[in-house]
Amino acid sequence: MKGNIGEGKLGYNLIKLFCYMITSARGCVEEPKLYGPFRLIDSVGRIITLLDNEGLADDFLKKELAKIEESKYLVMQDEKGFTKFLDELVIDFTQKLKEGAVKK
Amino acid sequence: MQVFDIIKKRRSVRFYTDEAIEEDKLKKLVEAAIWAPSAGNIHAWNIVIIQRKGDIELVKAISPGMLGNSTALMILCADKRKAYAKGGEVGRDVLSKMDIAIAAQNLCLEATELGLGSCIIRSFNREAVRGLLDLPENIIPELVVTLGYPRSIPHPPPRRTVEDAVIRWIKEENEQ
């Protein structure tokens, strides 16, 4: 049936992603404060992975995904390092946003 | 290995090989959990074991704390009806959870002895997992333990010293 999100691999993987994000949102009501940024950045990683599986991730996104996978677990033992890693991602993506705006 | 060595060797493992865990090892883990102490000897808990890959993925989708992969899950569930019947409100709301935590630690230590990795997880949606597994209303998932043969084992994080952990040590005056 056209428009049924649950059908097809991409649709099903999106449902799984939404489940992760929704249960994360519910969990974050009560869980430690730092879980919030971790779940958000992990969601970004999962979205990029989905795009990559569909052949839609460019070199920039692949590079950022590698950074996320390498550094996201800092949240568990190095809060300062985790914050620094988030700051770097902010700069990377802001630069990308700026480049896109210039092209438009 | 001595018990203390196993205690220190246990890590929260999140990445595993694809090798399936043998059934006799899984049974041994359950046995280790059964031998944990239980308040009032009530043992108001049960375990759901999942080895089928597709089902592990489904649980993972509603368990934000389940990072990485695993080849088996043990979901430790409180039997609230049994806990209340034998232990009252404290039994249902407190002791059954404590029992499960102790049982989970036993399970993880035995896993370490058997060369398996494990990770105790509480970041999952209990109602969603209960619904997904069609568990009765009185059976509440409290902890998920991921299991498998470790692909990588994390370095141990720093631990507190004994002096930092003990806030008061009451001795006889002549004891050193």
# chains A, B, ... in the order shown; residues from 1 in each chain; ligands from 1
>>> select_by_dssp(residues="chain A", states="helix (DSSP H, G or I)", output="ChimeraX atom specification")
/A:9-28,35-53,59-76,79-103
>>> write_last_selection(atoms="C-alpha atoms", output="PDB file, in the first residue's frame")
ATOM      1  CA  LYS A   9      13.368  -1.602   4.722  1.00  0.00           C
ATOM      2  CA  LEU A  10      13.777   2.172   4.976  1.00  0.00           C
ATOM      3  CA  GLY A  11      10.315   2.660   6.425  1.00  0.00           C
ATOM      4  CA  TYR A  12      10.824  -0.075   9.000  1.00  0.00           C
ATOM      5  CA  ASN A  13      14.217   1.295  10.004  1.00  0.00           C
ATOM      6  CA  LEU A  14      12.642   4.728  10.413  1.00  0.00           C
ATOM      7  CA  ILE A  15       9.982   3.250  12.698  1.00  0.00           C
ATOM      8  CA  LYS A  16      12.789   1.704  14.763  1.00  0.00           C
ATOM      9  CA  LEU A  17      14.544   5.068  14.901  1.00  0.00           C
ATOM     10  CA  PHE A  18      11.342   6.821  15.985  1.00  0.00           C
ATOM     11  CA  CYS A  19      10.880   4.181  18.699  1.00  0.00           C
ATOM     12  CA  TYR A  20      14.400   4.924  19.947  1.00  0.00           C
ATOM     13  CA  MET A  21      13.784   8.690  19.934  1.00  0.00           C
ATOM     14  CA  ILE A  22      10.379   8.465  21.584  1.00  0.00           C
ATOM     15  CA  THR A  23      11.462   6.057  24.328  1.00  0.00           C
ATOM     16  CA  SER A  24      14.531   8.262  24.824  1.00  0.00           C
ATOM     17  CA  ALA A  25      12.283  11.304  25.255  1.00  0.00           C
ATOM     18  CA  ARG A  26      10.200   9.438  27.821  1.00  0.00           C
ATOM     19  CA  GLY A  27      13.286   8.168  29.619  1.00  0.00           C
ATOM     20  CA  CYS A  28      14.875  11.608  29.752  1.00  0.00           C
ATOM     21  CA  TYR A  35      21.572  11.255  29.017  1.00  0.00           C
ATOM     22  CA  GLY A  36      19.618  13.922  27.091  1.00  0.00           C
ATOM     23  CA  PRO A  37      22.554  15.245  25.020  1.00  0.00           C
ATOM     24  CA  PHE A  38      23.827  11.697  24.568  1.00  0.00           C
ATOM     25  CA  ARG A  39      20.494  10.451  23.174  1.00  0.00           C
ATOM     26  CA  LEU A  40      20.247  13.466  20.851  1.00  0.00           C
ATOM     27  CA  ILE A  41      23.715  13.027  19.442  1.00  0.00           C
ATOM     28  CA  ASP A  42      23.221   9.263  19.190  1.00  0.00           C
ATOM     29  CA  SER A  43      20.031   9.975  17.220  1.00  0.00           C
ATOM     30  CA  VAL A  44      22.037  12.137  14.806  1.00  0.00           C
ATOM     31  CA  GLY A  45      24.435   9.208  14.366  1.00  0.00           C
ATOM     32  CA  ARG A  46      21.548   6.822  13.714  1.00  0.00           C
ATOM     33  CA  ILE A  47      19.996   9.178  11.141  1.00  0.00           C
ATOM     34  CA  ILE A  48      23.308   9.540   9.302  1.00  0.00           C
ATOM     35  CA  THR A  49      23.670   5.739   9.350  1.00  0.00           C
ATOM     36  CA  LEU A  50      20.214   5.404   7.792  1.00  0.00           C
ATOM     37  CA  LEU A  51      21.135   7.939   5.115  1.00  0.00           C
ATOM     38  CA  ASP A  52      24.412   6.131   4.503  1.00  0.00           C
ATOM     39  CA  ASN A  53      22.589   2.818   4.060  1.00  0.00           C
ATOM     40  CA  ASP A  59      31.821  12.609   2.797  1.00  0.00           C
ATOM     41  CA  PHE A  60      31.054  15.302   5.346  1.00  0.00           C
ATOM     42  CA  LEU A  61      28.323  13.260   7.008  1.00  0.00           C
ATOM     43  CA  LYS A  62      30.454  10.101   6.951  1.00  0.00           C
ATOM     44  CA  LYS A  63      33.283  11.980   8.637  1.00  0.00           C
ATOM     45  CA  GLU A  64      30.953  13.373  11.282  1.00  0.00           C
ATOM     46  CA  LEU A  65      29.448   9.919  11.860  1.00  0.00           C
ATOM     47  CA  ALA A  66      32.910   8.511  12.500  1.00  0.00           C
ATOM     48  CA  LYS A  67      33.522  11.332  15.015  1.00  0.00           C
ATOM     49  CA  ILE A  68      30.226  10.616  16.754  1.00  0.00           C
ATOM     50  CA  GLU A  69      30.870   6.887  17.004  1.00  0.00           C
ATOM     51  CA  GLU A  70      34.375   7.482  18.290  1.00  0.00           C
ATOM     52  CA  SER A  71      33.514  10.042  20.960  1.00  0.00           C
ATOM     53  CA  LYS A  72      29.907   9.605  22.082  1.00  0.00           C
ATOM     54  CA  TYR A  73      30.812   7.208  24.899  1.00  0.00           C
ATOM     55  CA  LEU A  74      32.910   9.915  26.558  1.00  0.00           C
ATOM     56  CA  VAL A  75      29.645  10.820  28.253  1.00  0.00           C
ATOM     57  CA  MET A  76      30.156   7.898  30.620  1.00  0.00           C
ATOM     58  CA  GLU A  79      32.056  14.955  30.892  1.00  0.00           C
ATOM     59  CA  LYS A  80      34.484  17.694  29.869  1.00  0.00           C
ATOM     60  CA  GLY A  81      35.701  15.639  26.905  1.00  0.00           C
ATOM     61  CA  PHE A  82      32.107  14.921  25.887  1.00  0.00           C
ATOM     62  CA  THR A  83      31.245  18.631  26.007  1.00  0.00           C
ATOM     63  CA  LYS A  84      34.328  19.495  23.945  1.00  0.00           C
ATOM     64  CA  PHE A  85      33.317  16.875  21.368  1.00  0.00           C
ATOM     65  CA  LEU A  86      29.816  18.425  21.165  1.00  0.00           C
ATOM     66  CA  ASP A  87      31.368  21.882  20.747  1.00  0.00           C
ATOM     67  CA  GLU A  88      33.412  20.582  17.808  1.00  0.00           C
ATOM     68  CA  LEU A  89      30.324  19.069  16.188  1.00  0.00           C
ATOM     69  CA  VAL A  90      28.508  22.391  16.568  1.00  0.00           C
ATOM     70  CA  ILE A  91      31.333  24.162  14.733  1.00  0.00           C
ATOM     71  CA  ASP A  92      31.486  21.501  11.986  1.00  0.00           C
ATOM     72  CA  PHE A  93      27.760  21.599  11.287  1.00  0.00           C
ATOM     73  CA  THR A  94      27.517  25.387  11.548  1.00  0.00           C
ATOM     74  CA  GLN A  95      30.303  25.685   8.973  1.00  0.00           C
ATOM     75  CA  LYS A  96      28.398  23.271   6.719  1.00  0.00           C
ATOM     76  CA  LEU A  97      25.217  25.296   7.203  1.00  0.00           C
ATOM     77  CA  LYS A  98      27.093  28.479   6.272  1.00  0.00           C
ATOM     78  CA  GLU A  99      28.549  26.900   3.123  1.00  0.00           C
ATOM     79  CA  GLY A 100      25.066  25.781   2.063  1.00  0.00           C
ATOM     80  CA  ALA A 101      23.657  29.255   2.654  1.00  0.00           C
ATOM     81  CA  VAL A 102      26.381  30.836   0.510  1.00  0.00           C
ATOM     82  CA  LYS A 103      25.628  28.435  -2.366  1.00  0.00           C
TER      83      LYS A 103
END
>>> residues_around(residues="Ile21 (chain B)", least_positions_apart="5", cutoff="12 Å", atoms="only C-alpha atoms", output="PyMOL selection string")
chain B and resi 16+26-29+49-52+70-73+111+114-118+146-150
>>> residues_around(residues="Ile153 (chain B)", least_positions_apart="5", cutoff="10 Å", atoms="only C-alpha atoms", output="JSON, numbers by chain")
{"B": [9, 10, 11, 12, 13, 14, 15, 16, 117]}
>>> closest_atom_pairs(of="chain B", to="chain A", cutoff="7 Å", atoms="only C-alpha atoms", output="Markdown table")
| residue | atom | partner | partner_atom | distance |
| --- | --- | --- | --- | --- |
| B:Ala61 | CA | A:Tyr20 | CA | 5.1 |
| B:Ile62 | CA | A:Tyr20 | CA | 5.4 |
| B:Ser63 | CA | A:Tyr20 | CA | 6.8 |
| B:Pro64 | CA | A:Ser24 | CA | 5.7 |
| B:Ser123 | CA | A:Gly27 | CA | 6.8 |
| B:Asn125 | CA | A:Thr23 | CA | 6.1 |
>>> write_last_selection(atoms="C-alpha atoms", output="PDB file, in the first residue's frame")
ATOM      1  CA  ALA B  61      14.441  -0.198  19.426  1.00  0.00           C
ATOM      2  CA  ILE B  62      12.598   0.649  22.659  1.00  0.00           C
ATOM      3  CA  SER B  63      15.650   0.466  24.925  1.00  0.00           C
ATOM      4  CA  PRO B  64      17.795   3.587  24.499  1.00  0.00           C
ATOM      5  CA  SER B 123      17.324   2.694  30.245  1.00  0.00           C
ATOM      6  CA  ASN B 125      10.722   1.599  28.435  1.00  0.00           C
TER       7      ASN B 125
END
>>> residues_around(residues="Asn106 (chain B)", least_positions_apart="2", cutoff="12 Å", atoms="only C-alpha atoms", output="MDAnalysis selection string")
chainID B and resid 3 6:7 10 28:37 99:104 108:113 118 120 145
>>> write_last_selection(atoms="C-alpha atoms", output="PDB file, in the first residue's frame")
ATOM      1  CA  VAL B   3      35.833 -14.296  43.296  1.00  0.00           C
ATOM      2  CA  ILE B   6      36.122 -11.975  38.715  1.00  0.00           C
ATOM      3  CA  ILE B   7      34.565  -8.961  40.410  1.00  0.00           C
ATOM      4  CA  ARG B  10      33.747  -7.755  35.011  1.00  0.00           C
ATOM      5  CA  LYS B  28      24.241 -21.643  34.256  1.00  0.00           C
ATOM      6  CA  LEU B  29      23.720 -17.874  34.295  1.00  0.00           C
ATOM      7  CA  VAL B  30      20.114 -18.335  35.340  1.00  0.00           C
ATOM      8  CA  GLU B  31      21.259 -20.710  38.070  1.00  0.00           C
ATOM      9  CA  ALA B  32      23.749 -18.117  39.320  1.00  0.00           C
ATOM     10  CA  ALA B  33      20.904 -15.588  39.498  1.00  0.00           C
ATOM     11  CA  ILE B  34      18.691 -18.061  41.362  1.00  0.00           C
ATOM     12  CA  TRP B  35      21.387 -18.485  44.030  1.00  0.00           C
ATOM     13  CA  ALA B  36      21.403 -14.773  44.809  1.00  0.00           C
ATOM     14  CA  PRO B  37      20.056 -13.748  48.193  1.00  0.00           C
ATOM     15  CA  ASP B  99      16.535  -8.801  44.650  1.00  0.00           C
ATOM     16  CA  ILE B 100      16.678  -8.350  40.901  1.00  0.00           C
ATOM     17  CA  ALA B 101      19.734  -6.111  41.163  1.00  0.00           C
ATOM     18  CA  ILE B 102      21.562  -8.703  43.259  1.00  0.00           C
ATOM     19  CA  ALA B 103      20.520 -11.515  40.918  1.00  0.00           C
ATOM     20  CA  ALA B 104      21.757  -9.481  37.935  1.00  0.00           C
ATOM     21  CA  CYS B 108      27.143 -10.956  35.329  1.00  0.00           C
ATOM     22  CA  LEU B 109      29.884 -12.377  37.542  1.00  0.00           C
ATOM     23  CA  GLU B 110      29.110 -15.893  36.338  1.00  0.00           C
ATOM     24  CA  ALA B 111      29.130 -14.590  32.761  1.00  0.00           C
ATOM     25  CA  THR B 112      32.628 -13.215  33.380  1.00  0.00           C
ATOM     26  CA  GLU B 113      33.781 -16.573  34.697  1.00  0.00           C
ATOM     27  CA  SER B 118      27.509  -8.593  29.959  1.00  0.00           C
ATOM     28  CA  ILE B 120      23.132  -4.312  32.899  1.00  0.00           C
ATOM     29  CA  VAL B 145      21.201  -7.774  30.676  1.00  0.00           C
TER      30      VAL B 145
END
>>> atom_distance(atom1="CA of Asn69 (chain B)", atom2="CA of Glu127 (chain B)")
22.1 Å
>>> select_by_dssp(residues="chain B", states="strand (DSSP E)", output="PyMOL selection string")
chain B and resi 15-16+45-50+72-79+117-121+139-148+150-152
>>> residues_around(residues="Glu137 (chain B)", least_positions_apart="2", cutoff="12 Å", atoms="only C-alpha atoms", output="ChimeraX atom specification")
/B:77-81,126-127,129-131,133-135,139-141
>>> write_last_selection(atoms="C-alpha atoms", output="CSV table (one decimal), in the first residue's frame")
chain,number,residue,atom,x,y,z
B,77,CYS,CA,11.2,-9.1,35.6
B,78,ALA,CA,9.6,-8.5,39.0
B,79,ASP,CA,6.5,-10.6,39.8
B,80,LYS,CA,4.6,-7.8,41.5
B,81,ARG,CA,1.7,-10.0,42.6
B,126,ARG,CA,9.3,-1.0,30.8
B,127,GLU,CA,5.7,-0.8,29.5
B,129,VAL,CA,9.0,-4.1,26.6
B,130,ARG,CA,6.2,-5.7,28.6
B,131,GLY,CA,3.8,-5.1,25.7
B,133,LEU,CA,6.8,-9.5,25.0
B,134,ASP,CA,3.1,-10.0,25.8
B,135,LEU,CA,3.9,-10.3,29.5
B,139,ILE,CA,5.3,-9.1,35.4
B,140,ILE,CA,7.3,-5.9,35.2
B,141,PRO,CA,10.7,-5.9,33.3
>>> atom_distance(atom1="CA of Asn4 (chain A)", atom2="CA of Lys53 (chain B)")
24.4 Å
>>> closest_residue(among="B:Ile56, B:Met66, B:Ala83, B:Ile75", to="Met98 (chain B)", atoms="only C-alpha atoms")
B:Ala83
>>> atom_distance(atom1="CA of Leu58 (chain B)", atom2="CA of Leu132 (chain B)")
8.1 Å
>>> decode(residues="region 6-93 of chain A", atoms="C-alpha atoms", output="PDB file, in the first residue's frame")
ATOM      1  CA  GLY A   6       6.100   0.349   8.056  1.00  0.00           C
ATOM      2  CA  GLU A   7       6.568  -1.368   4.702  1.00  0.00           C
ATOM      3  CA  GLY A   8       9.970  -1.601   3.093  1.00  0.00           C
ATOM      4  CA  LYS A   9      13.368  -1.602   4.722  1.00  0.00           C
ATOM      5  CA  LEU A  10      13.777   2.172   4.976  1.00  0.00           C
ATOM      6  CA  GLY A  11      10.315   2.660   6.425  1.00  0.00           C
ATOM      7  CA  TYR A  12      10.824  -0.075   9.000  1.00  0.00           C
ATOM      8  CA  ASN A  13      14.217   1.295  10.004  1.00  0.00           C
ATOM      9  CA  LEU A  14      12.642   4.728  10.413  1.00  0.00           C
ATOM     10  CA  ILE A  15       9.982   3.250  12.698  1.00  0.00           C
ATOM     11  CA  LYS A  16      12.789   1.704  14.763  1.00  0.00           C
ATOM     12  CA  LEU A  17      14.544   5.068  14.901  1.00  0.00           C
ATOM     13  CA  PHE A  18      11.342   6.821  15.985  1.00  0.00           C
ATOM     14  CA  CYS A  19      10.880   4.181  18.699  1.00  0.00           C
ATOM     15  CA  TYR A  20      14.400   4.924  19.947  1.00  0.00           C
ATOM     16  CA  MET A  21      13.784   8.690  19.934  1.00  0.00           C
ATOM     17  CA  ILE A  22      10.379   8.465  21.584  1.00  0.00           C
ATOM     18  CA  THR A  23      11.462   6.057  24.328  1.00  0.00           C
ATOM     19  CA  SER A  24      14.531   8.262  24.824  1.00  0.00           C
ATOM     20  CA  ALA A  25      12.283  11.304  25.255  1.00  0.00           C
ATOM     21  CA  ARG A  26      10.200   9.438  27.821  1.00  0.00           C
ATOM     22  CA  GLY A  27      13.286   8.168  29.619  1.00  0.00           C
ATOM     23  CA  CYS A  28      14.875  11.608  29.752  1.00  0.00           C
ATOM     24  CA  VAL A  29      12.010  12.884  31.935  1.00  0.00           C
ATOM     25  CA  GLU A  30      13.553  10.940  34.818  1.00  0.00           C
ATOM     26  CA  GLU A  31      17.062   9.928  33.764  1.00  0.00           C
ATOM     27  CA  PRO A  32      20.349  11.738  34.519  1.00  0.00           C
ATOM     28  CA  LYS A  33      20.699  15.121  32.799  1.00  0.00           C
ATOM     29  CA  LEU A  34      23.617  14.067  30.584  1.00  0.00           C
ATOM     30  CA  TYR A  35      21.572  11.255  29.017  1.00  0.00           C
ATOM     31  CA  GLY A  36      19.618  13.922  27.091  1.00  0.00           C
ATOM     32  CA  PRO A  37      22.554  15.245  25.020  1.00  0.00           C
ATOM     33  CA  PHE A  38      23.827  11.697  24.568  1.00  0.00           C
ATOM     34  CA  ARG A  39      20.494  10.451  23.174  1.00  0.00           C
ATOM     35  CA  LEU A  40      20.247  13.466  20.851  1.00  0.00           C
ATOM     36  CA  ILE A  41      23.715  13.027  19.442  1.00  0.00           C
ATOM     37  CA  ASP A  42      23.221   9.263  19.190  1.00  0.00           C
ATOM     38  CA  SER A  43      20.031   9.975  17.220  1.00  0.00           C
ATOM     39  CA  VAL A  44      22.037  12.137  14.806  1.00  0.00           C
ATOM     40  CA  GLY A  45      24.435   9.208  14.366  1.00  0.00           C
ATOM     41  CA  ARG A  46      21.548   6.822  13.714  1.00  0.00           C
ATOM     42  CA  ILE A  47      19.996   9.178  11.141  1.00  0.00           C
ATOM     43  CA  ILE A  48      23.308   9.540   9.302  1.00  0.00           C
ATOM     44  CA  THR A  49      23.670   5.739   9.350  1.00  0.00           C
ATOM     45  CA  LEU A  50      20.214   5.404   7.792  1.00  0.00           C
ATOM     46  CA  LEU A  51      21.135   7.939   5.115  1.00  0.00           C
ATOM     47  CA  ASP A  52      24.412   6.131   4.503  1.00  0.00           C
ATOM     48  CA  ASN A  53      22.589   2.818   4.060  1.00  0.00           C
ATOM     49  CA  GLU A  54      20.476   4.508   1.394  1.00  0.00           C
ATOM     50  CA  GLY A  55      23.573   5.916  -0.329  1.00  0.00           C
ATOM     51  CA  LEU A  56      22.639   9.452   0.701  1.00  0.00           C
ATOM     52  CA  ALA A  57      25.461  10.314   3.102  1.00  0.00           C
ATOM     53  CA  ASP A  58      28.195  12.492   1.636  1.00  0.00           C
ATOM     54  CA  ASP A  59      31.821  12.609   2.797  1.00  0.00           C
ATOM     55  CA  PHE A  60      31.054  15.302   5.346  1.00  0.00           C
ATOM     56  CA  LEU A  61      28.323  13.260   7.008  1.00  0.00           C
ATOM     57  CA  LYS A  62      30.454  10.101   6.951  1.00  0.00           C
ATOM     58  CA  LYS A  63      33.283  11.980   8.637  1.00  0.00           C
ATOM     59  CA  GLU A  64      30.953  13.373  11.282  1.00  0.00           C
ATOM     60  CA  LEU A  65      29.448   9.919  11.860  1.00  0.00           C
ATOM     61  CA  ALA A  66      32.910   8.511  12.500  1.00  0.00           C
ATOM     62  CA  LYS A  67      33.522  11.332  15.015  1.00  0.00           C
ATOM     63  CA  ILE A  68      30.226  10.616  16.754  1.00  0.00           C
ATOM     64  CA  GLU A  69      30.870   6.887  17.004  1.00  0.00           C
ATOM     65  CA  GLU A  70      34.375   7.482  18.290  1.00  0.00           C
ATOM     66  CA  SER A  71      33.514  10.042  20.960  1.00  0.00           C
ATOM     67  CA  LYS A  72      29.907   9.605  22.082  1.00  0.00           C
ATOM     68  CA  TYR A  73      30.812   7.208  24.899  1.00  0.00           C
ATOM     69  CA  LEU A  74      32.910   9.915  26.558  1.00  0.00           C
ATOM     70  CA  VAL A  75      29.645  10.820  28.253  1.00  0.00           C
ATOM     71  CA  MET A  76      30.156   7.898  30.620  1.00  0.00           C
ATOM     72  CA  GLN A  77      33.533   8.850  32.004  1.00  0.00           C
ATOM     73  CA  ASP A  78      34.701  12.234  30.752  1.00  0.00           C
ATOM     74  CA  GLU A  79      32.056  14.955  30.892  1.00  0.00           C
ATOM     75  CA  LYS A  80      34.484  17.694  29.869  1.00  0.00           C
ATOM     76  CA  GLY A  81      35.701  15.639  26.905  1.00  0.00           C
ATOM     77  CA  PHE A  82      32.107  14.921  25.887  1.00  0.00           C
ATOM     78  CA  THR A  83      31.245  18.631  26.007  1.00  0.00           C
ATOM     79  CA  LYS A  84      34.328  19.495  23.945  1.00  0.00           C
ATOM     80  CA  PHE A  85      33.317  16.875  21.368  1.00  0.00           C
ATOM     81  CA  LEU A  86      29.816  18.425  21.165  1.00  0.00           C
ATOM     82  CA  ASP A  87      31.368  21.882  20.747  1.00  0.00           C
ATOM     83  CA  GLU A  88      33.412  20.582  17.808  1.00  0.00           C
ATOM     84  CA  LEU A  89      30.324  19.069  16.188  1.00  0.00           C
ATOM     85  CA  VAL A  90      28.508  22.391  16.568  1.00  0.00           C
ATOM     86  CA  ILE A  91      31.333  24.162  14.733  1.00  0.00           C
ATOM     87  CA  ASP A  92      31.486  21.501  11.986  1.00  0.00           C
ATOM     88  CA  PHE A  93      27.760  21.599  11.287  1.00  0.00           C
TER      89      PHE A  93
END
